[in-house]
$ cat run38.cif   # mmCIF, C-alpha atoms and all ligand atoms
data_input
#
loop_
_atom_site.label_atom_id
_atom_site.label_comp_id
_atom_site.auth_asym_id
_atom_site.auth_seq_id
_atom_site.Cartn_x
_atom_site.Cartn_y
_atom_site.Cartn_z
CA MET A 193 78.17 103.92 70.83
CA ILE A 194 77.46 100.21 70.43
CA LYS A 195 74.72 99.65 67.87
CA VAL A 196 71.92 97.20 68.53
CA ARG A 197 71.10 95.42 65.27
CA LYS A 198 68.24 93.14 64.42
CA LEU A 199 69.74 90.44 62.24
CA HIS A 200 67.99 87.14 61.72
CA PHE A 201 69.73 83.93 60.69
CA GLU A 202 68.05 80.69 59.63
CA PHE A 203 70.07 77.51 59.96
CA GLY A 204 68.48 74.78 57.83
CA ASP A 205 69.30 71.10 58.15
CA ASP A 206 71.17 71.26 54.85
CA ILE A 207 74.04 73.01 56.67
CA PRO A 208 76.74 70.40 57.34
CA PHE A 209 77.89 69.63 60.89
CA TRP A 210 81.35 70.96 59.95
CA PHE A 211 80.36 74.14 58.15
CA ASN A 212 83.50 74.39 56.00
CA PRO A 213 84.50 71.18 54.17
CA LYS A 214 87.84 72.73 53.18
CA SER A 215 89.05 74.18 56.48
CA ARG A 216 89.66 72.10 59.58
CA GLU A 217 90.65 75.14 61.67
CA ALA A 218 87.50 77.12 60.85
CA SER A 219 85.22 74.10 61.26
CA LEU A 220 86.63 73.17 64.67
CA LEU A 221 86.52 76.77 65.88
CA VAL A 222 82.93 77.43 64.81
CA THR A 223 81.45 74.15 66.05
CA SER A 224 83.22 74.40 69.42
CA MET A 225 82.20 78.00 69.75
CA SER A 226 78.52 77.31 69.20
CA LEU A 227 78.64 74.67 71.94
CA ILE A 228 80.43 76.89 74.47
CA ALA A 229 79.68 80.56 73.67
CA PRO A 230 76.00 80.78 74.67
CA ALA A 231 76.87 79.61 78.20
CA PHE A 232 79.57 82.20 78.75
CA GLU A 233 77.60 84.95 77.03
CA ARG A 234 74.74 84.35 79.48
CA TYR A 235 77.27 84.30 82.33
CA PHE A 236 78.64 87.70 81.21
CA ILE A 237 75.16 89.21 80.90
CA LYS A 238 74.26 88.06 84.43
CA ALA A 239 77.49 89.54 85.77
CA ILE A 240 76.74 92.92 84.20
CA ARG A 241 73.13 92.88 85.39
CA ASP A 242 74.42 92.23 88.94
CA ALA A 243 76.99 94.99 88.63
CA MET A 244 74.73 97.55 86.94
CA PRO A 245 73.68 99.41 90.13
CA ARG A 246 77.37 100.00 90.85
CA ILE A 247 78.01 101.73 87.50
CA ARG A 248 77.52 105.36 88.41
CA ASP A 249 77.67 106.99 84.98
CA ALA A 250 74.37 106.82 83.03
CA ALA A 251 76.10 106.74 79.62
CA ALA A 252 78.32 103.86 80.80
CA ARG A 253 75.23 101.98 82.04
CA ASP A 254 73.58 102.50 78.65
CA GLU A 255 76.66 101.17 76.85
CA ALA A 256 76.79 98.15 79.19
CA ASN A 257 73.14 97.51 78.44
CA ARG A 258 73.78 97.63 74.69
CA PHE A 259 76.64 95.18 75.19
CA CYS A 260 74.22 92.81 76.95
CA ILE A 261 71.70 93.05 74.11
CA GLN A 262 74.40 92.26 71.52
CA GLU A 263 75.63 89.30 73.56
CA GLY A 264 72.07 88.05 74.05
CA GLN A 265 71.60 88.03 70.29
CA HIS A 266 74.88 86.20 69.73
CA ALA A 267 73.80 83.58 72.27
CA LYS A 268 70.39 83.20 70.62
CA PHE A 269 71.82 82.37 67.21
CA HIS A 270 74.60 80.19 68.63
CA ILE A 271 71.83 78.22 70.35
CA ASP A 272 70.00 77.92 67.01
CA HIS A 273 73.23 76.59 65.49
CA GLN A 274 73.75 74.36 68.53
CA GLU A 275 70.28 72.86 67.98
CA LEU A 276 71.22 72.05 64.40
CA LEU A 277 74.43 70.35 65.62
CA LEU A 278 72.44 68.40 68.22
CA ARG A 279 69.83 67.28 65.68
CA LYS A 280 72.67 65.82 63.64
CA HIS A 281 74.42 64.28 66.66
CA PRO A 282 72.14 63.92 69.72
CA ALA A 283 75.09 62.53 71.72
CA LEU A 284 76.36 66.11 72.00
CA GLU A 285 73.43 67.10 74.18
CA ALA A 286 75.24 65.76 77.26
CA VAL A 287 78.33 67.81 76.37
CA ARG A 288 76.26 70.96 75.86
CA ASP A 289 74.61 70.38 79.25
CA GLU A 290 78.02 69.93 80.89
CA VAL A 291 79.20 73.25 79.47
CA ASN A 292 76.06 75.01 80.71
CA ARG A 293 76.41 73.41 84.16
CA SER A 294 80.02 74.47 84.36
CA TYR A 295 79.03 78.15 83.99
CA ASP A 296 76.06 77.73 86.34
CA ASP A 297 78.53 76.36 88.94
CA LEU A 298 80.86 79.32 88.42
CA GLN A 299 77.97 81.69 88.88
CA ARG A 300 76.93 79.99 92.11
CA SER A 301 80.37 79.56 93.62
CA GLU A 302 82.21 82.72 92.55
CA SER A 303 81.63 86.43 93.13
CA THR A 304 80.38 89.01 90.66
CA ALA A 305 83.90 90.48 90.67
CA PHE A 306 85.24 87.11 89.54
CA ALA A 307 82.63 86.89 86.76
CA LEU A 308 83.49 90.42 85.59
CA ALA A 309 87.22 89.60 85.56
CA TYR A 310 86.57 86.33 83.71
CA ALA A 311 84.35 88.08 81.17
CA THR A 312 86.88 90.87 80.67
CA THR A 313 89.65 88.37 79.95
CA ILE A 314 87.54 86.68 77.27
CA GLU A 315 86.18 89.89 75.77
CA LEU A 316 89.63 91.49 75.51
CA GLY A 317 90.86 88.35 73.75
CA PHE A 318 88.05 88.58 71.20
CA LYS A 319 89.52 91.76 69.75
CA PRO A 320 92.72 90.15 68.37
CA LEU A 321 90.71 87.04 67.48
CA ALA A 322 88.22 89.15 65.50
CA ARG A 323 91.10 90.79 63.64
CA TYR A 324 92.61 87.36 62.88
CA LEU A 325 89.31 85.93 61.58
CA VAL A 326 88.60 88.98 59.44
CA GLU A 327 92.11 89.18 57.98
CA ASN A 328 91.99 85.48 57.10
CA ARG A 329 88.31 85.40 56.11
CA HIS A 330 88.95 84.05 52.60
CA VAL A 331 90.88 81.03 53.85
CA LEU A 332 88.58 80.36 56.80
CA PHE A 333 85.13 81.17 55.44
CA ALA A 334 85.03 81.34 51.61
CA ASP A 335 84.36 77.62 51.18
CA GLY A 336 82.05 77.31 54.17
CA ASP A 337 78.29 77.50 54.31
CA PRO A 338 77.56 81.21 53.65
CA ARG A 339 74.91 81.44 56.38
CA ILE A 340 77.33 80.25 59.06
CA ALA A 341 80.15 82.38 57.58
CA SER A 342 77.98 85.52 57.74
CA PHE A 343 76.78 84.63 61.23
CA ILE A 344 80.26 84.14 62.67
CA LEU A 345 81.64 87.22 60.94
CA TRP A 346 78.70 89.29 62.27
CA HIS A 347 79.44 87.96 65.75
CA PHE A 348 83.11 88.92 65.54
CA VAL A 349 82.45 92.31 63.92
CA GLU A 350 80.28 93.09 66.96
CA GLU A 351 82.94 91.64 69.28
CA PHE A 352 85.31 94.16 67.74
CA GLU A 353 82.71 96.92 68.03
CA HIS A 354 82.14 96.31 71.76
CA ARG A 355 85.82 95.50 72.49
CA HIS A 356 85.96 98.10 75.28
CA ALA A 357 82.57 97.43 76.91
CA MET A 358 83.38 94.66 79.39
CA PHE A 359 86.72 96.26 80.29
CA ASP A 360 84.94 99.54 81.03
CA VAL A 361 82.48 97.78 83.35
CA TYR A 362 85.34 95.99 85.11
CA GLN A 363 87.26 99.24 85.54
CA ALA A 364 84.17 101.03 86.88
CA VAL A 365 83.10 98.28 89.29
CA VAL A 366 86.26 96.36 90.31
CA GLY A 367 89.22 98.18 88.75
CA ASP A 368 91.83 95.84 90.25
CA TYR A 369 94.43 94.89 87.64
CA GLY A 370 96.18 92.29 89.83
CA TYR A 371 92.91 90.52 90.50
CA ARG A 372 92.03 90.47 86.79
CA LEU A 373 95.42 88.91 86.06
CA ARG A 374 94.94 86.23 88.72
CA VAL A 375 91.47 85.41 87.41
CA ALA A 376 92.83 85.33 83.84
CA ARG A 377 94.88 82.22 84.70
CA ARG A 378 91.75 80.45 85.89
CA THR A 379 89.78 81.75 82.90
CA PHE A 380 92.26 80.27 80.41
CA ALA A 381 92.33 76.98 82.34
CA HIS A 382 88.52 76.83 82.47
CA VAL A 383 87.96 77.61 78.78
CA SER A 384 90.77 75.26 77.72
CA ALA A 385 89.23 72.45 79.78
CA LEU A 386 85.85 73.04 78.11
CA GLY A 387 87.49 73.06 74.68
CA ALA A 388 89.28 69.83 75.54
CA ARG A 389 85.93 68.29 76.42
CA VAL A 390 83.92 69.65 73.48
CA GLN A 391 86.31 69.22 70.57
CA PRO A 392 87.05 65.48 70.93
CA ALA A 393 83.32 64.87 71.50
CA CYS A 394 82.53 66.59 68.18
CA ILE A 395 85.34 64.73 66.40
CA ALA A 396 84.00 61.43 67.79
CA CYS A 397 80.61 62.22 66.20
CA GLU A 398 81.96 63.09 62.79
CA GLU A 399 85.43 63.19 61.27
CA PRO A 400 86.35 66.87 60.72
CA PRO A 401 87.50 68.01 57.27
CA VAL A 402 91.17 68.07 56.35
CA ASP A 403 92.54 71.32 54.95
CA ASP A 404 92.24 71.53 51.20
CA PRO A 405 95.84 71.52 49.87
CA ALA A 406 94.79 74.09 47.26
CA LEU A 407 93.88 76.60 50.00
CA PRO A 408 96.53 79.23 50.73
CA ARG A 409 98.06 78.81 54.17
CA ILE A 410 97.51 81.48 56.79
CA PRO A 411 100.84 83.38 57.00
CA ARG A 412 102.82 82.62 60.14
CA ARG A 413 103.10 86.33 60.94
CA ARG A 414 99.32 86.48 61.39
CA LYS A 415 99.37 83.57 63.84
CA VAL A 416 102.18 85.33 65.72
CA ALA A 417 100.20 88.60 65.67
CA LEU A 418 97.22 86.79 67.19
CA ALA A 419 99.35 85.27 69.95
CA LEU A 420 101.01 88.62 70.70
CA GLY A 421 97.62 90.37 70.60
CA LEU A 422 96.23 87.94 73.16
CA LEU A 423 99.31 88.36 75.36
CA GLU A 424 99.06 92.13 75.13
CA THR A 425 95.55 92.08 76.67
CA LEU A 426 97.25 91.02 79.93
CA SER A 427 99.44 94.13 80.06
CA PRO A 428 98.57 96.73 82.72
CA PHE A 429 98.77 99.35 79.94
CA HIS A 430 96.34 97.58 77.63
CA ASP A 431 93.72 99.87 76.12
CA PRO A 432 91.09 97.99 74.09
CA ARG A 433 90.22 101.14 72.14
CA ARG A 434 93.75 101.50 70.78
CA GLY A 435 94.66 100.32 67.30
CA ALA A 436 93.19 100.66 63.83
CA VAL A 437 89.87 99.13 62.87
CA PRO A 438 90.40 96.52 60.13
CA GLN A 439 89.25 97.89 56.76
CA TRP A 440 86.77 95.05 56.21
CA ILE A 441 85.09 95.77 59.55
CA THR A 442 84.75 99.46 58.65
CA GLU A 443 83.19 98.40 55.34
CA TRP A 444 80.86 95.97 57.17
CA PHE A 445 79.61 98.81 59.42
CA ALA A 446 79.08 101.08 56.39
CA ALA A 447 77.17 98.39 54.48
CA ASP A 448 75.01 97.73 57.55
CA GLU A 449 74.31 101.47 57.93
CA ALA A 450 73.34 101.60 54.25
CA GLY A 451 70.77 98.86 54.85
CA ALA A 452 72.56 95.92 53.20
CA ASP A 453 71.60 92.38 54.20
CA MET A 454 74.39 91.40 56.61
CA THR A 455 73.12 87.81 56.88
CA ALA A 456 74.55 87.22 53.40
CA VAL A 457 77.81 89.04 53.56
CA ALA A 458 80.37 89.33 50.76
CA LEU A 459 83.91 88.39 51.71
FE FE B 501 79.38 87.59 71.67
FE FE B 502 81.49 90.00 73.37
#

$ encode --input "run38.cif" --output "structure tokens"
Amino acid sequence: MIKVRKLHFEFGDDIPFWFNPKSREASLLVTSMSLIAPAFERYFIKAIRDAMPRIRDAAARDEANRFCIQEGQHAKFHIDHQELLLRKHPALEAVRDEVNRSYDDLQRSESTAFALAYATTIELGFKPLARYLVENRHVLFADGDPRIASFILWHFVEEFEHRHAMFDVYQAVVGDYGYRLRVARRTFAHVSALGARVQPACIACEEPPVDDPALPRIPRRRKVALALGLLETLSPFHDPRRGAVPQWITEWFAADEAGADMTAVAL
């Protein structure tokens, strides 16, 4: 069962625009994500709320509801981070509004089935991405602001935890693999276009860090594993529950259960 947690993050103005001065990859990913994620998380929640009456099984409805609560919390803290980014560079407000409008337009012009297929494509992709971020956490997060590092790792631990949730809703309500595949093409195009709008706008505001030459490089095999993992989500045989849980994620869950402060997580 998906666990609803009550974590609280504070993002003070002392946090730099690029949270990790030693990693370009992590800085670009996190800043772009905070500008885009709240809009699609809201879009996913609306899709599930629309679809809820069509989920027959009460336990499945409860799990879908827990998914929505987790996503709502992710969106809340991404918006807090977004506000910090916008205080530093008010020019990004227009970009943030464009992203939000883009999802509002999708919601108006496309069906609930489309939104569920879109959301499933993204959510399935978050599982291999979560594994990649966790396995490379030292390179990507150790030199970054610890509040943002803990926040992003919390987000992706929960993405891993609810890796099956959106897929289950899609299977229960739409269940059409061919349709999901067709929508996946549009999903990738849409998200890529938003990334192509957001990233240069952020770079224009402030030069992103260059990778510290002393940092170990992420092994090529892990980049390949991420690409293959993303590709595998498009297979008709894909099962998001399959595969081992990364050790660090298991330890994160245990520490959380034991009452540790997960807003200041140890890598
Ligand atoms: Fe999320
Ligand atoms: Fe998610």

$ atom_distance --input "run38.cif" --atom1 "CA of Glu315 in chain A" --atom2 "atom FE of ligand FE 502 (chain B)"
5.3 Å

$ atom_distance --input "run38.cif" --atom1 "CA of Phe201 in chain A" --atom2 "CA of Pro392 in chain A"
27.3 Å

$ residues_near_ligand --input "run38.cif" --ligand "ligand FE 502 (chain B)" --cutoff "12 Å" --atoms "only C-alpha atoms and all ligand atoms" --output "PyMOL selection string"
chain A and resi 194+229-230+232-237+256+258-267+311-319+321-322+346-359

$ closest_residue --input "run38.cif" --among "A:Ala376, A:Leu284, A:Met244, A:Leu345" --to "ligand FE 501 (chain B)" --atoms "only C-alpha atoms and all ligand atoms"
A:Leu345

$ residues_around --input "run38.cif" --residues "range 331-344 of chain A" --least-positions-apart "2" --cutoff "6 Å" --atoms "all atoms listed in the file" --output "VMD selection string"
chain A and resid 211 to 212 218 328 to 329 346 to 347 455 to 457

$ axis_aligned_box --input "run38.cif" --around "range 335-354 of chain A" --padding-each-side "5 Å" --output "lines of an AutoDock Vina configuration file"
center_x = 80.1
center_y = 87.1
center_z = 61.5
size_x = 20.4
size_y = 29.6
size_z = 30.6

$ closest_residue --input "run38.cif" --among "A:Gly370, A:Gly451, A:Pro320, A:Pro282" --to "Thr425 in chain A" --atoms "all atoms listed in the file"
A:Pro320

$ closest_residue --input "run38.cif" --among "A:Ser226, A:Ser215, A:Ser427, A:Ser384" --to "ligand FE 501 (chain B)" --atoms "all atoms listed in the file"
A:Ser226

$ atom_distance --input "run38.cif" --atom1 "CA of Ala251 in chain A" --atom2 "CA of Ile441 in chain A"
24.6 Å

$ residues_around --input "run38.cif" --residues "Lys280 in chain A" --least-positions-apart "2" --cutoff "9 Å" --atoms "all atoms listed in the file" --output "list in words"
Asp205, Pro208, Phe209, Glu275, Leu276, Leu277, Leu278 and Pro282 of chain A

$ residues_around --input "run38.cif" --residues "Glu217 in chain A" --least-positions-apart "4" --cutoff "9 Å" --atoms "all atoms listed in the file" --output "ChimeraX atom specification"
/A:221-222,332,401-403

$ residues_around --input "run38.cif" --residues "Ser224 in chain A" --least-positions-apart "3" --cutoff "8 Å" --atoms "all atoms listed in the file" --output "ChimeraX atom specification"
/A:220-221,227-228,387,390-391,394

$ build_atoms --input "run38.cif" --residues "range 311-329 of chain A" --atoms "N, CA and C atoms" --output "compact mmCIF listing (two decimals), keeping the file's coordinate frame"
# COMPACT_ATOMS: atom_id res chain seq x y z
N ALA A 311 84.95 87.57 82.40
CA ALA A 311 84.35 88.08 81.17
C ALA A 311 85.28 89.07 80.48
N THR A 312 85.97 89.89 81.26
CA THR A 312 86.88 90.87 80.67
C THR A 312 88.04 90.18 79.97
N THR A 313 88.56 89.13 80.58
CA THR A 313 89.65 88.37 79.95
C THR A 313 89.22 87.84 78.59
N ILE A 314 88.03 87.25 78.53
CA ILE A 314 87.54 86.68 77.27
C ILE A 314 87.26 87.79 76.25
N GLU A 315 86.57 88.82 76.70
CA GLU A 315 86.18 89.89 75.77
C GLU A 315 87.40 90.62 75.20
N LEU A 316 88.42 90.83 76.03
CA LEU A 316 89.63 91.49 75.51
C LEU A 316 90.29 90.60 74.47
N GLY A 317 90.26 89.30 74.70
CA GLY A 317 90.86 88.35 73.75
C GLY A 317 90.12 88.30 72.42
N PHE A 318 88.83 88.63 72.44
CA PHE A 318 88.05 88.58 71.20
C PHE A 318 88.46 89.65 70.20
N LYS A 319 89.10 90.72 70.69
CA LYS A 319 89.52 91.76 69.75
C LYS A 319 90.61 91.24 68.80
N PRO A 320 91.74 90.71 69.32
CA PRO A 320 92.72 90.15 68.37
C PRO A 320 92.18 88.95 67.59
N LEU A 321 91.28 88.18 68.21
CA LEU A 321 90.71 87.04 67.48
C LEU A 321 89.83 87.53 66.32
N ALA A 322 89.06 88.59 66.56
CA ALA A 322 88.22 89.15 65.50
C ALA A 322 89.10 89.63 64.34
N ARG A 323 90.19 90.30 64.68
CA ARG A 323 91.10 90.79 63.64
C ARG A 323 91.66 89.61 62.83
N TYR A 324 92.05 88.56 63.53
CA TYR A 324 92.61 87.36 62.88
C TYR A 324 91.58 86.72 61.93
N LEU A 325 90.35 86.58 62.41
CA LEU A 325 89.31 85.93 61.58
C LEU A 325 88.98 86.78 60.35
N VAL A 326 88.93 88.09 60.55
CA VAL A 326 88.60 88.98 59.44
C VAL A 326 89.74 89.03 58.42
N GLU A 327 90.97 89.11 58.92
CA GLU A 327 92.11 89.18 57.98
C GLU A 327 92.28 87.89 57.20
N ASN A 328 91.83 86.78 57.78
CA ASN A 328 91.99 85.48 57.10
C ASN A 328 90.65 84.92 56.63
N ARG A 329 89.69 85.84 56.41
CA ARG A 329 88.31 85.40 56.11
C ARG A 329 88.22 84.55 54.85
